[in-house]
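A short write-up of the structure that comes next.
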Amino acid sequence: MKLVKKIGKWLLYSLIVVFVLIIAGSHIMDSMMYYSDEDVIQMFLEHEASGAVEYINCEGVDMRVIRSTTGQRGRCIIFSHGAPGSWDAFKGFLTDSRLLETADLVSYDRPGYGNSSDGQSYPDIEFQADCLIDIFLSRAYEEVYLVGHSFGGPIIMEVALKVRQEVNGVILLAPVVDPETEKFFPGGKLAYWPWSRWLWPTGFQVSADEKYTHVEELRSLEEKMDQYKT
């Protein structure tokens, strides 16, 4: 009996240690992945690329936009990241000299993430799409191409439906677009439940909020796509 109690205590302590390590690790990773505006400029200098950081206000949200440009401004490729995430998911593309020969390259922190975060979540796909539209309408580009990864996929699809005359093409990278196959992971609930979400970095909290509204958001997008087909 004593042996069983010892094993039980050992398992309990082990679970507590693992939980603490996971939480601590998530905060450490979050801080390590953060790029200040100065870090972004330094990255471009190290790659001998021309880049800039700007902020665009979208319905009260100051959205951080990273532009890498050749100065021609004729064609633009905009990258929209998943959840959690930030502009730096595509930093390798923004410093690619061959790609820069073809277009201006733009990545950004979606509202709720990175430097576009005020501690609030913005899970509405249409709102996210409107903010993305503001990015390329702020410049007189002749051609606009959108790239969306994961949760960024339905956002660029919403953009293409809303202003299809302004968008020349879209590329979906492992997009989350089917409401019937949306997956929920038990660990994600810890960043969603009020009693435990405070333990997690803001990006994880925002991601959880998006996750638990995503099915309805995708169904709404699906209806719009069906109407467009007809």
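How things are named: the first chain in the structure tokens is A, the next is B, and so on; residues count from 1 in each chain; ligands count from 1 in the order shown.
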Determine which residues of segment 11-218 of chain A DSSP labels as helix (DSSP H, G or I) from the backbone of this structure, then write them out as a ChimeraX atom specification. /A:11-32,37-46,87-94,97-100,114-116,125-137,152-162,164-166,179-181,186-191,194-197,202-211,214-218
Residue among A:Glu166, A:Glu180, A:Glu158, A:Glu217 lying closest to Tyr141 of chain A, counting only C-alpha atoms: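 Once distances to Tyr141 of chain A are computed over only C-alpha atoms, the minimum belongs to A:Glu166.
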Residues within 8 Å of His47 of chain A, please, as a list in words. Count only C-alpha atoms; anything in the same chain fewer than 3 positions from it doesn't count. Met43, Phe44 and Thr95 of chain A
Tell me which protein, DNA and RNA residues are within 10 Å of Asn115 of chain A, counting only C-alpha atoms, leaving out same-chain ones fewer than 4 positions away, and put them as a list in words.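 These residues fall inside the cut-off: Tyr34, Tyr35, Ser36, Asp37, Tyr55, Asp62, Met63, Arg64, Val65, Ser86, Trp87, Tyr108, Asp109, Arg110 and Pro111 of chain A.
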Restricting the output to N, CA and C atoms, write the selected residues as a PDB file, in the first residue's frame.
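For reference, selection_22.pdb as written:
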ATOM      1  N   TYR A  34      10.022  36.856 -30.497  1.00  0.00           N
ATOM      2  CA  TYR A  34       9.563  38.233 -30.673  1.00  0.00           C
ATOM      3  C   TYR A  34      10.621  39.081 -31.372  1.00  0.00           C
ATOM      4  N   TYR A  35      10.192  39.854 -32.353  1.00  0.00           N
ATOM      5  CA  TYR A  35      11.069  40.782 -33.063  1.00  0.00           C
ATOM      6  C   TYR A  35      10.573  42.205 -32.806  1.00  0.00           C
ATOM      7  N   SER A  36      11.419  43.026 -32.214  1.00  0.00           N
ATOM      8  CA  SER A  36      11.078  44.442 -32.092  1.00  0.00           C
ATOM      9  C   SER A  36      11.226  45.086 -33.468  1.00  0.00           C
ATOM     10  N   ASP A  37      10.736  46.309 -33.608  1.00  0.00           N
ATOM     11  CA  ASP A  37      10.879  47.010 -34.886  1.00  0.00           C
ATOM     12  C   ASP A  37      12.354  47.175 -35.246  1.00  0.00           C
ATOM     13  N   TYR A  55       2.874  50.986 -39.425  1.00  0.00           N
ATOM     14  CA  TYR A  55       1.662  50.626 -38.690  1.00  0.00           C
ATOM     15  C   TYR A  55       0.446  51.201 -39.408  1.00  0.00           C
ATOM     16  N   ASP A  62      -3.827  49.058 -34.184  1.00  0.00           N
ATOM     17  CA  ASP A  62      -2.599  49.429 -34.884  1.00  0.00           C
ATOM     18  C   ASP A  62      -1.896  48.153 -35.326  1.00  0.00           C
ATOM     19  N   MET A  63      -1.934  47.910 -36.613  1.00  0.00           N
ATOM     20  CA  MET A  63      -1.445  46.655 -37.175  1.00  0.00           C
ATOM     21  C   MET A  63      -0.027  46.834 -37.728  1.00  0.00           C
ATOM     22  N   ARG A  64       0.903  45.992 -37.256  1.00  0.00           N
ATOM     23  CA  ARG A  64       2.287  46.100 -37.726  1.00  0.00           C
ATOM     24  C   ARG A  64       2.450  45.395 -39.065  1.00  0.00           C
ATOM     25  N   VAL A  65       3.000  46.128 -40.022  1.00  0.00           N
ATOM     26  CA  VAL A  65       3.194  45.627 -41.384  1.00  0.00           C
ATOM     27  C   VAL A  65       4.674  45.727 -41.737  1.00  0.00           C
ATOM     28  N   SER A  86       3.113  35.021 -36.260  1.00  0.00           N
ATOM     29  CA  SER A  86       3.382  36.441 -36.483  1.00  0.00           C
ATOM     30  C   SER A  86       4.005  36.585 -37.867  1.00  0.00           C
ATOM     31  N   TRP A  87       4.369  37.797 -38.220  1.00  0.00           N
ATOM     32  CA  TRP A  87       4.912  38.082 -39.541  1.00  0.00           C
ATOM     33  C   TRP A  87       6.131  37.235 -39.859  1.00  0.00           C
ATOM     34  N   TYR A 108       2.778  40.525 -42.062  1.00  0.00           N
ATOM     35  CA  TYR A 108       2.228  41.389 -41.007  1.00  0.00           C
ATOM     36  C   TYR A 108       1.796  40.561 -39.804  1.00  0.00           C
ATOM     37  N   ASP A 109       1.678  41.229 -38.677  1.00  0.00           N
ATOM     38  CA  ASP A 109       1.110  40.611 -37.486  1.00  0.00           C
ATOM     39  C   ASP A 109      -0.402  40.765 -37.569  1.00  0.00           C
ATOM     40  N   ARG A 110      -1.107  39.650 -37.680  1.00  0.00           N
ATOM     41  CA  ARG A 110      -2.560  39.739 -37.725  1.00  0.00           C
ATOM     42  C   ARG A 110      -3.094  40.359 -36.426  1.00  0.00           C
ATOM     43  N   PRO A 111      -4.206  41.079 -36.476  1.00  0.00           N
ATOM     44  CA  PRO A 111      -4.777  41.653 -35.256  1.00  0.00           C
ATOM     45  C   PRO A 111      -4.923  40.616 -34.145  1.00  0.00           C
TER      46      PRO A 111
END
Of A:Thr213, A:Thr69, A:Gln128, A:Thr102, the one nearest to Met157 of chain A when counting only C-alpha atoms is A:Gln128
Would you mind reading off the distance between atom CA of Ile78 of chain A and atom CA of Glu143 of chain A, one decimal, in Å? 11.0 Å
Can you tell me, as a list of chain:residue names, what residues are no more than 12 Å from Gly60 of chain A when counting only C-alpha atoms, ignoring any on the same chain fewer than 6 positions away?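 Residues near the query, excluding close chain neighbours: A:Pro111, A:Gly112, A:Ser116, A:Ser117, A:Asp118, A:Gln120, A:Tyr122, A:Phe127, A:Cys131.
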Filtering to N, CA and C atoms, could you give me those residues as a PDB file, in the first residue's frame?
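Contents of result37.pdb, freshly written:
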ATOM      1  N   PRO A 111      -4.206  41.079 -36.476  1.00  0.00           N
ATOM      2  CA  PRO A 111      -4.777  41.653 -35.256  1.00  0.00           C
ATOM      3  C   PRO A 111      -4.923  40.616 -34.145  1.00  0.00           C
ATOM      4  N   GLY A 112      -4.339  40.941 -32.993  1.00  0.00           N
ATOM      5  CA  GLY A 112      -4.342  40.020 -31.864  1.00  0.00           C
ATOM      6  C   GLY A 112      -2.988  39.392 -31.611  1.00  0.00           C
ATOM      7  N   SER A 116       0.638  43.695 -33.182  1.00  0.00           N
ATOM      8  CA  SER A 116      -0.739  44.104 -33.491  1.00  0.00           C
ATOM      9  C   SER A 116      -1.670  43.651 -32.379  1.00  0.00           C
ATOM     10  N   SER A 117      -1.101  43.437 -31.206  1.00  0.00           N
ATOM     11  CA  SER A 117      -1.868  42.898 -30.080  1.00  0.00           C
ATOM     12  C   SER A 117      -2.086  43.947 -29.005  1.00  0.00           C
ATOM     13  N   ASP A 118      -3.325  44.057 -28.565  1.00  0.00           N
ATOM     14  CA  ASP A 118      -3.634  44.910 -27.424  1.00  0.00           C
ATOM     15  C   ASP A 118      -4.264  44.074 -26.318  1.00  0.00           C
ATOM     16  N   GLN A 120      -6.428  41.724 -26.866  1.00  0.00           N
ATOM     17  CA  GLN A 120      -7.749  41.272 -27.271  1.00  0.00           C
ATOM     18  C   GLN A 120      -7.642  40.287 -28.427  1.00  0.00           C
ATOM     19  N   TYR A 122      -9.433  38.789 -32.011  1.00  0.00           N
ATOM     20  CA  TYR A 122     -10.274  39.220 -33.123  1.00  0.00           C
ATOM     21  C   TYR A 122     -10.551  38.016 -34.020  1.00  0.00           C
ATOM     22  N   PHE A 127     -13.489  40.569 -40.227  1.00  0.00           N
ATOM     23  CA  PHE A 127     -12.691  41.666 -39.679  1.00  0.00           C
ATOM     24  C   PHE A 127     -11.226  41.503 -40.064  1.00  0.00           C
ATOM     25  N   CYS A 131      -8.887  44.066 -42.509  1.00  0.00           N
ATOM     26  CA  CYS A 131      -7.579  44.615 -42.134  1.00  0.00           C
ATOM     27  C   CYS A 131      -6.518  44.286 -43.184  1.00  0.00           C
TER      28      CYS A 131
END
Using atom CA of Val215 of chain A and atom CA of Glu182 of chain A as the two end points, give the distance in Å to one decimal.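 Calculated distance between atom CA of Val215 of chain A and atom CA of Glu182 of chain A is 6.8 Å.
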Counting only C-alpha atoms, closest pick from A:Val144, A:Gly92, A:Glu101, A:Pro84 relative to Gln165 of chain A is A:Val144
Restricting the calculation to only C-alpha atoms: of A:Pro175, A:Ser138, A:Tyr113, A:Val170, which residue gets closest to Gln205 of chain A?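 Looking only at the distances to Gln205 of chain A, the closest residue turns out to be A:Tyr113.
Of the listed residues (A:Ala83, A:Leu94, A:Ala89, A:Ile155), A:Leu94 comes nearest to Ser50 of chain A; the distances count only C-alpha atoms.
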Using only C-alpha atoms, which residue out of A:Val147, A:Leu172, A:Leu99, A:Ile135 lies closest to Ile56 of chain A?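 Comparing A:Val147, A:Leu172, A:Leu99, A:Ile135 against Ile56 of chain A, the winner is A:Ile135.
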Spatial neighbours of Lys183 of chain A, 12 Å, only C-alpha atoms, chain gap at least 6 places, as number ranges by chain: A: 176-177, 211-212, 214-215
How many Å lie between atom CA of Val167 of chain A and atom CA of Ala208 of chain A, rounded to one decimal?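 About the pair atom CA of Val167 of chain A and atom CA of Ala208 of chain A: they are 29.6 Å apart.
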